[in-house]
Amino acid sequence: MKITRSLTLGTVAILVCVFVAALPFIFPSTTPAQPKLLSYWTCTPDYVAAFSNRVHAHCNPANGAIQWFAVCSTGSGSAFASRALSIFTTAKVTGKSLRVYYEPTDTSGTACGCDSANCRVITGAEVLP
């Protein structure tokens, strides 16, 4: 009789643990995840360049140590790099301000020559009026 009772209590304990662990899947949060906000910097580009593996612009004034903003042009990034180069060049030639959108902690650009100490890859750019 004690063995049956021990198994029953053990079984109940296991079922309770499984149920508690499954609660987040049964009743998911109704609050949608908020998208991560990107940082942006506004400057006047004073140097624009295109290389085989990236395009970049030098910002004046710099954002602290970050003075270069780049787009890797290898693989699937080549179309975006072409558009970014157009935007960089337009801002430089017209003397208008450039706004670049980037993630300050993203140092993945080191793969294409964007130095982690003073350069960040961008996710967007615009020429301001």
# chains A, B, ... in the order shown; residues from 1 in each chain; ligands from 1
$ residues_around --residues "A:Asp115" --least-positions-apart "5" --cutoff "12 Å" --atoms "only C-alpha atoms" --output "PDB file with C-alpha atoms, in the first residue's frame"
ATOM      1  CA  ARG A  54      32.957  47.480 -48.592  1.00  0.00           C
ATOM      2  CA  HIS A  56      32.263  53.599 -46.382  1.00  0.00           C
ATOM      3  CA  ALA A  65      35.435  57.330 -31.542  1.00  0.00           C
ATOM      4  CA  ILE A  66      33.073  56.134 -34.291  1.00  0.00           C
ATOM      5  CA  GLN A  67      33.900  58.162 -37.389  1.00  0.00           C
ATOM      6  CA  TRP A  68      33.474  55.640 -40.207  1.00  0.00           C
ATOM      7  CA  PHE A  69      30.209  54.062 -41.320  1.00  0.00           C
ATOM      8  CA  ALA A  70      30.342  51.166 -43.766  1.00  0.00           C
ATOM      9  CA  ASP A 106      27.655  45.547 -33.776  1.00  0.00           C
ATOM     10  CA  THR A 107      31.284  45.012 -34.759  1.00  0.00           C
ATOM     11  CA  SER A 108      30.550  42.439 -37.465  1.00  0.00           C
ATOM     12  CA  GLY A 109      32.024  44.814 -40.041  1.00  0.00           C
ATOM     13  CA  THR A 110      35.503  43.686 -39.081  1.00  0.00           C
ATOM     14  CA  ARG A 120      30.243  50.539 -37.607  1.00  0.00           C
ATOM     15  CA  VAL A 121      28.199  48.825 -40.290  1.00  0.00           C
TER      16      VAL A 121
END
$ residues_around --residues "A:Ala57" --least-positions-apart "2" --cutoff "8 Å" --atoms "only C-alpha atoms" --output "PyMOL selection string"
chain A and resi 45-49+55+59+68-70+88
$ closest_residue --among "A:Cys43, A:Ala62, A:Val71, A:Ala125" --to "A:Cys112" --atoms "only C-alpha atoms"
A:Val71
$ atom_distance --atom1 "atom CA of A:Glu126" --atom2 "atom CA of A:Arg99"
5.3 Å
$ residues_around --residues "A:Thr42" --least-positions-apart "5" --cutoff "9 Å" --atoms "only C-alpha atoms" --output "PyMOL selection string"
chain A and resi 59-61+63+97-100+128
$ write_last_selection --atoms "all heavy atoms" --output "PDB file, in the first residue's frame"
ATOM      1  N   CYS A  59      32.572  60.431 -41.269  1.00  0.00           N
ATOM      2  CA  CYS A  59      31.649  61.441 -40.756  1.00  0.00           C
ATOM      3  C   CYS A  59      32.375  62.566 -40.044  1.00  0.00           C
ATOM      4  O   CYS A  59      33.302  62.332 -39.277  1.00  0.00           O
ATOM      5  CB  CYS A  59      30.664  60.789 -39.787  1.00  0.00           C
ATOM      6  SG  CYS A  59      29.120  60.379 -40.577  1.00  0.00           S
ATOM      7  N   ASN A  60      31.912  63.780 -40.301  1.00  0.00           N
ATOM      8  CA  ASN A  60      32.429  64.954 -39.637  1.00  0.00           C
ATOM      9  C   ASN A  60      31.231  65.767 -39.165  1.00  0.00           C
ATOM     10  O   ASN A  60      30.460  66.217 -40.002  1.00  0.00           O
ATOM     11  CB  ASN A  60      33.296  65.758 -40.596  1.00  0.00           C
ATOM     12  CG  ASN A  60      33.960  66.934 -39.921  1.00  0.00           C
ATOM     13  OD1 ASN A  60      34.035  66.995 -38.706  1.00  0.00           O
ATOM     14  ND2 ASN A  60      34.415  67.881 -40.713  1.00  0.00           N
ATOM     15  N   PRO A  61      30.980  65.895 -37.881  1.00  0.00           N
ATOM     16  CA  PRO A  61      31.803  65.410 -36.778  1.00  0.00           C
ATOM     17  C   PRO A  61      31.585  63.919 -36.529  1.00  0.00           C
ATOM     18  O   PRO A  61      30.564  63.369 -36.902  1.00  0.00           O
ATOM     19  CB  PRO A  61      31.304  66.228 -35.586  1.00  0.00           C
ATOM     20  CG  PRO A  61      29.868  66.491 -35.902  1.00  0.00           C
ATOM     21  CD  PRO A  61      29.803  66.633 -37.389  1.00  0.00           C
ATOM     22  N   ASN A  63      31.084  60.525 -34.155  1.00  0.00           N
ATOM     23  CA  ASN A  63      30.268  60.164 -32.988  1.00  0.00           C
ATOM     24  C   ASN A  63      31.215  59.550 -31.964  1.00  0.00           C
ATOM     25  O   ASN A  63      31.329  58.339 -31.863  1.00  0.00           O
ATOM     26  CB  ASN A  63      29.168  59.188 -33.401  1.00  0.00           C
ATOM     27  CG  ASN A  63      28.242  58.835 -32.259  1.00  0.00           C
ATOM     28  OD1 ASN A  63      28.370  59.355 -31.167  1.00  0.00           O
ATOM     29  ND2 ASN A  63      27.311  57.944 -32.521  1.00  0.00           N
ATOM     30  N   SER A  97      23.589  67.026 -45.081  1.00  0.00           N
ATOM     31  CA  SER A  97      23.826  66.123 -43.951  1.00  0.00           C
ATOM     32  C   SER A  97      23.385  64.710 -44.286  1.00  0.00           C
ATOM     33  O   SER A  97      22.414  64.494 -45.015  1.00  0.00           O
ATOM     34  CB  SER A  97      23.064  66.603 -42.718  1.00  0.00           C
ATOM     35  OG  SER A  97      23.598  67.815 -42.270  1.00  0.00           O
ATOM     36  N   LEU A  98      24.096  63.775 -43.726  1.00  0.00           N
ATOM     37  CA  LEU A  98      23.835  62.346 -43.898  1.00  0.00           C
ATOM     38  C   LEU A  98      23.398  61.798 -42.543  1.00  0.00           C
ATOM     39  O   LEU A  98      24.015  62.101 -41.522  1.00  0.00           O
ATOM     40  CB  LEU A  98      25.122  61.651 -44.352  1.00  0.00           C
ATOM     41  CG  LEU A  98      25.141  60.136 -44.394  1.00  0.00           C
ATOM     42  CD1 LEU A  98      24.281  59.637 -45.550  1.00  0.00           C
ATOM     43  CD2 LEU A  98      26.578  59.640 -44.554  1.00  0.00           C
ATOM     44  N   ARG A  99      22.337  61.024 -42.531  1.00  0.00           N
ATOM     45  CA  ARG A  99      21.929  60.330 -41.310  1.00  0.00           C
ATOM     46  C   ARG A  99      22.124  58.848 -41.551  1.00  0.00           C
ATOM     47  O   ARG A  99      21.593  58.295 -42.516  1.00  0.00           O
ATOM     48  CB  ARG A  99      20.483  60.613 -40.945  1.00  0.00           C
ATOM     49  CG  ARG A  99      20.067  59.842 -39.674  1.00  0.00           C
ATOM     50  CD  ARG A  99      18.717  60.250 -39.169  1.00  0.00           C
ATOM     51  NE  ARG A  99      18.797  61.610 -38.635  1.00  0.00           N
ATOM     52  CZ  ARG A  99      17.765  62.439 -38.563  1.00  0.00           C
ATOM     53  NH1 ARG A  99      16.586  62.074 -38.990  1.00  0.00           N
ATOM     54  NH2 ARG A  99      17.914  63.643 -38.049  1.00  0.00           N
ATOM     55  N   VAL A 100      22.902  58.206 -40.670  1.00  0.00           N
ATOM     56  CA  VAL A 100      23.146  56.765 -40.787  1.00  0.00           C
ATOM     57  C   VAL A 100      22.534  56.061 -39.588  1.00  0.00           C
ATOM     58  O   VAL A 100      22.571  56.565 -38.465  1.00  0.00           O
ATOM     59  CB  VAL A 100      24.656  56.438 -40.898  1.00  0.00           C
ATOM     60  CG1 VAL A 100      25.205  56.880 -42.227  1.00  0.00           C
ATOM     61  CG2 VAL A 100      25.452  57.057 -39.768  1.00  0.00           C
ATOM     62  N   LEU A 128      19.609  64.241 -45.693  1.00  0.00           N
ATOM     63  CA  LEU A 128      18.625  65.140 -45.094  1.00  0.00           C
ATOM     64  C   LEU A 128      18.466  66.395 -45.957  1.00  0.00           C
ATOM     65  O   LEU A 128      19.405  66.804 -46.644  1.00  0.00           O
ATOM     66  CB  LEU A 128      19.054  65.514 -43.674  1.00  0.00           C
ATOM     67  CG  LEU A 128      19.171  64.323 -42.714  1.00  0.00           C
ATOM     68  CD1 LEU A 128      19.621  64.793 -41.345  1.00  0.00           C
ATOM     69  CD2 LEU A 128      17.862  63.572 -42.614  1.00  0.00           C
TER      70      LEU A 128
END
$ select_by_dssp --residues "stretch 35-92 of chain A" --states "alpha helix (DSSP H)" --output "list in words"
Ser78, Ala79, Phe80, Ala81, Ser82, Arg83, Ala84, Leu85, Ser86, Ile87, Phe88, Thr89, Thr90, Ala91 and Lys92 of chain A
$ closest_residue --among "A:Val93, A:Ala117, A:Ile122, A:Val127" --to "A:Gly64" --atoms "only C-alpha atoms"
A:Ala117
$ residues_around --residues "A:Ser52" --least-positions-apart "4" --cutoff "12 Å" --atoms "only C-alpha atoms" --output "PyMOL selection string"
chain A and resi 56+71-75+77-78+81-82+112-113
$ write_last_selection --atoms "N, CA, C and O atoms" --output "PDB file, in the first residue's frame"
ATOM      1  N   HIS A  56      32.356  52.917 -47.669  1.00  0.00           N
ATOM      2  CA  HIS A  56      32.263  53.599 -46.382  1.00  0.00           C
ATOM      3  C   HIS A  56      32.301  55.112 -46.554  1.00  0.00           C
ATOM      4  O   HIS A  56      32.674  55.624 -47.602  1.00  0.00           O
ATOM      5  N   VAL A  71      29.254  49.664 -45.273  1.00  0.00           N
ATOM      6  CA  VAL A  71      28.387  48.560 -45.688  1.00  0.00           C
ATOM      7  C   VAL A  71      29.286  47.540 -46.350  1.00  0.00           C
ATOM      8  O   VAL A  71      30.036  47.879 -47.282  1.00  0.00           O
ATOM      9  N   CYS A  72      29.245  46.304 -45.869  1.00  0.00           N
ATOM     10  CA  CYS A  72      30.016  45.234 -46.498  1.00  0.00           C
ATOM     11  C   CYS A  72      29.381  44.932 -47.850  1.00  0.00           C
ATOM     12  O   CYS A  72      28.159  44.829 -47.952  1.00  0.00           O
ATOM     13  N   SER A  73      30.201  44.804 -48.875  1.00  0.00           N
ATOM     14  CA  SER A  73      29.669  44.636 -50.230  1.00  0.00           C
ATOM     15  C   SER A  73      29.820  43.223 -50.768  1.00  0.00           C
ATOM     16  O   SER A  73      29.644  43.001 -51.954  1.00  0.00           O
ATOM     17  N   THR A  74      30.128  42.284 -49.908  1.00  0.00           N
ATOM     18  CA  THR A  74      30.283  40.906 -50.357  1.00  0.00           C
ATOM     19  C   THR A  74      28.969  40.153 -50.230  1.00  0.00           C
ATOM     20  O   THR A  74      28.137  40.478 -49.383  1.00  0.00           O
ATOM     21  N   GLY A  75      28.776  39.172 -51.075  1.00  0.00           N
ATOM     22  CA  GLY A  75      27.586  38.323 -50.996  1.00  0.00           C
ATOM     23  C   GLY A  75      26.303  39.091 -51.209  1.00  0.00           C
ATOM     24  O   GLY A  75      26.196  39.922 -52.101  1.00  0.00           O
ATOM     25  N   GLY A  77      25.082  41.451 -49.601  1.00  0.00           N
ATOM     26  CA  GLY A  77      25.138  42.871 -49.239  1.00  0.00           C
ATOM     27  C   GLY A  77      25.503  43.793 -50.378  1.00  0.00           C
ATOM     28  O   GLY A  77      25.516  45.008 -50.217  1.00  0.00           O
ATOM     29  N   SER A  78      25.791  43.248 -51.561  1.00  0.00           N
ATOM     30  CA  SER A  78      26.283  44.096 -52.645  1.00  0.00           C
ATOM     31  C   SER A  78      25.238  45.088 -53.152  1.00  0.00           C
ATOM     32  O   SER A  78      25.567  46.218 -53.484  1.00  0.00           O
ATOM     33  N   ALA A  81      25.041  47.829 -50.594  1.00  0.00           N
ATOM     34  CA  ALA A  81      26.270  48.616 -50.654  1.00  0.00           C
ATOM     35  C   ALA A  81      26.205  49.614 -51.805  1.00  0.00           C
ATOM     36  O   ALA A  81      26.631  50.768 -51.668  1.00  0.00           O
ATOM     37  N   SER A  82      25.652  49.201 -52.917  1.00  0.00           N
ATOM     38  CA  SER A  82      25.514  50.091 -54.073  1.00  0.00           C
ATOM     39  C   SER A  82      24.587  51.262 -53.746  1.00  0.00           C
ATOM     40  O   SER A  82      24.876  52.425 -54.064  1.00  0.00           O
ATOM     41  N   CYS A 112      34.825  42.756 -43.105  1.00  0.00           N
ATOM     42  CA  CYS A 112      35.060  43.409 -44.407  1.00  0.00           C
ATOM     43  C   CYS A 112      35.968  44.630 -44.266  1.00  0.00           C
ATOM     44  O   CYS A 112      36.015  45.475 -45.155  1.00  0.00           O
ATOM     45  N   GLY A 113      36.683  44.741 -43.159  1.00  0.00           N
ATOM     46  CA  GLY A 113      37.661  45.809 -43.004  1.00  0.00           C
ATOM     47  C   GLY A 113      37.192  47.024 -42.231  1.00  0.00           C
ATOM     48  O   GLY A 113      37.887  48.029 -42.179  1.00  0.00           O
TER      49      GLY A 113
END
